[in-house]
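Notes for the one structure printed next.
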Amino acid sequence: RIHNRTFFTIDKTFAESSTTRQVYEDTSKGIVESVVRGLNGTIFAYGQTSSGKTFTMQGSGTLQDGAAVGQEGDGSGGIVHMAASDIFNHIEKEADRVFLIRVSFIEIYNEEVRDLLVSGDSKNNTTLAVREDKVRGVFVNSNETIVTSMDSLLSVLFAGEKNRSVAATGMNERSSRSHTIFRITVESRLKDQSESGKN
């Protein structure tokens with residue numbers, strides 16, 4: 001008699017008492033550090049509906065609620081807030097480099113891609129095409145916004161979330177069936193001599 005068994009290898013499990021800060025430190029902090037050093041990284045929450053993905057990524061309530069709570073220093077914002085904080089803390093320590101941070105925010109729902117950083121009723125419903133290129137790979141031509149601080153990054157995130165909320169009016173299942181991608185692009189270069197004397 002043959003028994004078919006499936007085995008899974010798991011790097012780490014977290015107890016119900018684990019905090020989002022612990023999850024961030026063990027799963028995401030190293031990815032963020034790699035990104036600011038020039039590597040690509042992805043933090044991806046996947047799981048069953050009501051398993052805690054949204055809470056882990058954005059804290060309780062809205063993204064703005066999570067940021068407000070996280071600013072109290074108790075680490076109870078979401079992973080996205082902690083990652084943003086670490087990115088800008090790293091930038092402050094790198095006095096010999098110039099950084100450019102760009103963000104984009106898209107939603108995928110019913111196999112359509114919407115740009116959450118486009119305001120206005122008619123533009124807000126525009127579906128973006130998913131394209132493929134030999135150099136860029138698979139990409140979407142979404143808007144990018146340059147941010148200069150954690151506050152400006154979070155402001156863009158909040159604006160995108162509001163656009164998502166408007167689209168979700170009267171569609172209770174949307175939140176569990178839609179997916180969002182918040183992309184942070186970090187570019188840096190060494191300061192030249194004329195810039196290194198500036199504060």
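Ordering of the structure tokens sets the chain letters (A, B, ...), residue numbers begin anew at 1 in every chain, and ligands are numbered from 1 in the order given.
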| message | When DSSP is applied to the backbone of this structure, which of stretch 21-153 of chain A are assigned strand (DSSP E)? Write them out as a PyMOL selection string. | response | chain A and resi 97-109+112-115+127-128+130-133+137-140+145-147
Those residues you just picked out, can you put them in a file as an mmCIF file, in the first residue's frame with C-alpha atoms?
data_model
loop_
_atom_site.group_PDB
_atom_site.id
_atom_site.type_symbol
_atom_site.label_atom_id
_atom_site.label_comp_id
_atom_site.auth_asym_id
_atom_site.auth_seq_id
_atom_site.Cartn_x
_atom_site.Cartn_y
_atom_site.Cartn_z
ATOM 1 C CA ARG A 97 25.118 59.115 -1.312
ATOM 2 C CA VAL A 98 22.219 60.836 -3.079
ATOM 3 C CA PHE A 99 18.939 58.897 -3.096
ATOM 4 C CA LEU A 100 15.881 59.063 -5.335
ATOM 5 C CA ILE A 101 12.759 57.284 -4.073
ATOM 6 C CA ARG A 102 9.778 56.730 -6.384
ATOM 7 C CA VAL A 103 6.533 54.975 -5.516
ATOM 8 C CA SER A 104 3.630 53.534 -7.488
ATOM 9 C CA PHE A 105 0.389 51.938 -6.258
ATOM 10 C CA ILE A 106 -1.840 49.674 -8.346
ATOM 11 C CA GLU A 107 -4.827 47.436 -7.725
ATOM 12 C CA ILE A 108 -5.684 44.201 -9.506
ATOM 13 C CA TYR A 109 -9.367 43.308 -9.478
ATOM 14 C CA GLU A 112 -8.005 44.431 -14.501
ATOM 15 C CA VAL A 113 -5.182 46.669 -13.307
ATOM 16 C CA ARG A 114 -6.037 50.155 -12.014
ATOM 17 C CA ASP A 115 -3.641 52.944 -11.086
ATOM 18 C CA THR A 127 -7.531 49.842 -16.987
ATOM 19 C CA LEU A 128 -3.775 49.541 -17.450
ATOM 20 C CA VAL A 130 0.220 44.469 -18.545
ATOM 21 C CA ARG A 131 3.194 44.454 -20.921
ATOM 22 C CA GLU A 132 6.346 42.434 -21.394
ATOM 23 C CA ASP A 133 9.736 43.650 -22.530
ATOM 24 C CA GLY A 137 10.387 41.979 -18.018
ATOM 25 C CA VAL A 138 6.670 42.122 -17.152
ATOM 26 C CA PHE A 139 5.546 45.654 -16.254
ATOM 27 C CA VAL A 140 2.628 48.075 -16.032
ATOM 28 C CA THR A 145 5.571 59.786 -7.558
ATOM 29 C CA ILE A 146 8.881 60.987 -6.133
ATOM 30 C CA VAL A 147 8.908 61.028 -2.327
#
| message | Need the shell around stretch 22-24 of chain A: protein/DNA/RNA residues with any atom at most 10 Å away, counting only C-alpha atoms. Skip same-chain ones fewer than 4 positions apart. Format as an MDAnalysis selection string? | response | chainID A and resid 12:14 18 28:32 43 56:57 75 78:80 82:83
| task | For each of A:Ala95, A:Leu63, A:Thr126, A:Val186, take the minimum atom-to-atom distance to A:Leu154, counting only C-alpha atoms, then give the residue where this is smallest. | result |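 Of A:Ala95, A:Leu63, A:Thr126, A:Val186, the one nearest A:Leu154, counting only C-alpha atoms, is A:Leu63.
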| What residues in stretch 14-172 of chain A get the DSSP label alpha helix (DSSP H)? Please answer as JSON, numbers by chain. | {"A": [20, 21, 22, 23, 24, 25, 26, 27, 29, 30, 31, 32, 33, 34, 35, 36, 53, 54, 55, 56, 57, 58, 63, 64, 65, 66, 67, 68, 69, 79, 80, 81, 82, 83, 84, 85, 86, 87, 88, 89, 90, 91, 92, 93, 121, 122, 123, 124, 150, 151, 152, 153, 154, 155, 156, 157, 158, 159, 160, 161, 162, 163, 164, 165, 166, 167]}
Export of prior selection with C-alpha atoms as a PDB file, in the first residue's frame:
ATOM      1  CA  THR A  20       3.781  42.554  13.692  1.00  0.00           C
ATOM      2  CA  ARG A  21       7.164  43.972  14.732  1.00  0.00           C
ATOM      3  CA  GLN A  22       8.435  40.415  15.326  1.00  0.00           C
ATOM      4  CA  VAL A  23       7.096  39.284  11.957  1.00  0.00           C
ATOM      5  CA  TYR A  24       8.757  42.281  10.275  1.00  0.00           C
ATOM      6  CA  GLU A  25      12.107  41.721  11.988  1.00  0.00           C
ATOM      7  CA  ASP A  26      12.182  38.022  11.052  1.00  0.00           C
ATOM      8  CA  THR A  27      10.762  38.156   7.524  1.00  0.00           C
ATOM      9  CA  LYS A  29      13.779  43.749   7.582  1.00  0.00           C
ATOM     10  CA  GLY A  30      16.561  41.933   5.713  1.00  0.00           C
ATOM     11  CA  ILE A  31      14.716  42.410   2.412  1.00  0.00           C
ATOM     12  CA  VAL A  32      14.407  46.167   3.052  1.00  0.00           C
ATOM     13  CA  GLU A  33      18.116  46.382   3.908  1.00  0.00           C
ATOM     14  CA  SER A  34      18.954  44.584   0.655  1.00  0.00           C
ATOM     15  CA  VAL A  35      16.792  46.979  -1.362  1.00  0.00           C
ATOM     16  CA  VAL A  36      18.547  50.089  -0.023  1.00  0.00           C
ATOM     17  CA  LYS A  53      -2.748  39.670   5.738  1.00  0.00           C
ATOM     18  CA  THR A  54      -4.146  43.210   5.724  1.00  0.00           C
ATOM     19  CA  PHE A  55      -3.589  43.658   9.463  1.00  0.00           C
ATOM     20  CA  THR A  56       0.023  42.490   9.122  1.00  0.00           C
ATOM     21  CA  MET A  57       0.757  44.726   6.146  1.00  0.00           C
ATOM     22  CA  GLN A  58      -1.056  47.926   7.166  1.00  0.00           C
ATOM     23  CA  LEU A  63      -3.171  52.499   6.318  1.00  0.00           C
ATOM     24  CA  GLN A  64      -3.472  55.913   7.941  1.00  0.00           C
ATOM     25  CA  ASP A  65      -4.701  54.357  11.204  1.00  0.00           C
ATOM     26  CA  GLY A  66      -1.729  51.997  11.155  1.00  0.00           C
ATOM     27  CA  ALA A  67       0.705  54.892  10.680  1.00  0.00           C
ATOM     28  CA  ALA A  68      -0.825  56.863  13.540  1.00  0.00           C
ATOM     29  CA  VAL A  69      -0.516  53.915  15.885  1.00  0.00           C
ATOM     30  CA  ILE A  79       4.960  46.077   7.767  1.00  0.00           C
ATOM     31  CA  VAL A  80       4.610  48.771   5.096  1.00  0.00           C
ATOM     32  CA  HIS A  81       5.092  51.501   7.744  1.00  0.00           C
ATOM     33  CA  MET A  82       8.089  49.742   9.277  1.00  0.00           C
ATOM     34  CA  ALA A  83       9.696  49.246   5.857  1.00  0.00           C
ATOM     35  CA  ALA A  84       9.206  52.923   4.945  1.00  0.00           C
ATOM     36  CA  SER A  85      10.713  53.994   8.262  1.00  0.00           C
ATOM     37  CA  ASP A  86      13.758  51.762   7.786  1.00  0.00           C
ATOM     38  CA  ILE A  87      14.326  53.009   4.219  1.00  0.00           C
ATOM     39  CA  PHE A  88      14.476  56.646   5.305  1.00  0.00           C
ATOM     40  CA  ASN A  89      16.499  55.865   8.452  1.00  0.00           C
ATOM     41  CA  HIS A  90      19.054  54.181   6.201  1.00  0.00           C
ATOM     42  CA  ILE A  91      19.129  57.193   3.853  1.00  0.00           C
ATOM     43  CA  GLU A  92      19.865  59.549   6.777  1.00  0.00           C
ATOM     44  CA  LYS A  93      22.938  57.477   7.662  1.00  0.00           C
ATOM     45  CA  ASP A 121     -13.555  59.815 -11.637  1.00  0.00           C
ATOM     46  CA  SER A 122     -13.017  59.142 -15.335  1.00  0.00           C
ATOM     47  CA  LYS A 123      -9.271  58.490 -15.103  1.00  0.00           C
ATOM     48  CA  ASN A 124      -9.651  56.417 -11.950  1.00  0.00           C
ATOM     49  CA  MET A 150       8.523  58.856   5.222  1.00  0.00           C
ATOM     50  CA  ASP A 151       5.644  61.321   5.636  1.00  0.00           C
ATOM     51  CA  SER A 152       5.476  62.052   1.904  1.00  0.00           C
ATOM     52  CA  LEU A 153       5.635  58.324   1.107  1.00  0.00           C
ATOM     53  CA  LEU A 154       2.778  57.610   3.505  1.00  0.00           C
ATOM     54  CA  SER A 155       0.765  60.517   2.080  1.00  0.00           C
ATOM     55  CA  VAL A 156       0.952  58.932  -1.381  1.00  0.00           C
ATOM     56  CA  LEU A 157      -0.055  55.604   0.119  1.00  0.00           C
ATOM     57  CA  PHE A 158      -3.054  57.171   1.904  1.00  0.00           C
ATOM     58  CA  ALA A 159      -4.177  58.930  -1.295  1.00  0.00           C
ATOM     59  CA  GLY A 160      -4.039  55.657  -3.200  1.00  0.00           C
ATOM     60  CA  GLU A 161      -5.969  53.869  -0.494  1.00  0.00           C
ATOM     61  CA  LYS A 162      -8.698  56.518  -0.694  1.00  0.00           C
ATOM     62  CA  ASN A 163      -8.985  55.936  -4.456  1.00  0.00           C
ATOM     63  CA  ARG A 164      -9.320  52.245  -3.734  1.00  0.00           C
ATOM     64  CA  SER A 165     -11.986  52.887  -1.114  1.00  0.00           C
ATOM     65  CA  VAL A 166     -14.051  55.026  -3.521  1.00  0.00           C
ATOM     66  CA  ALA A 167     -13.998  52.258  -6.101  1.00  0.00           C
TER      67      ALA A 167
END
| Coordinates-based distance that separates atom CA of A:Thr49 from atom CA of A:Asn110 (Å, one decimal) |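 Calculated distance between atom CA of A:Asn110 and atom CA of A:Thr49 is 16.5 Å.
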| query | What is the atom CA of A:Phe8-atom CA of A:Gly59 distance in Å, reported with one decimal? | reply | 28.6 Å
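In this structure, atom CA of A:Leu116 sits 20.0 Å away from atom CA of A:Ser149.
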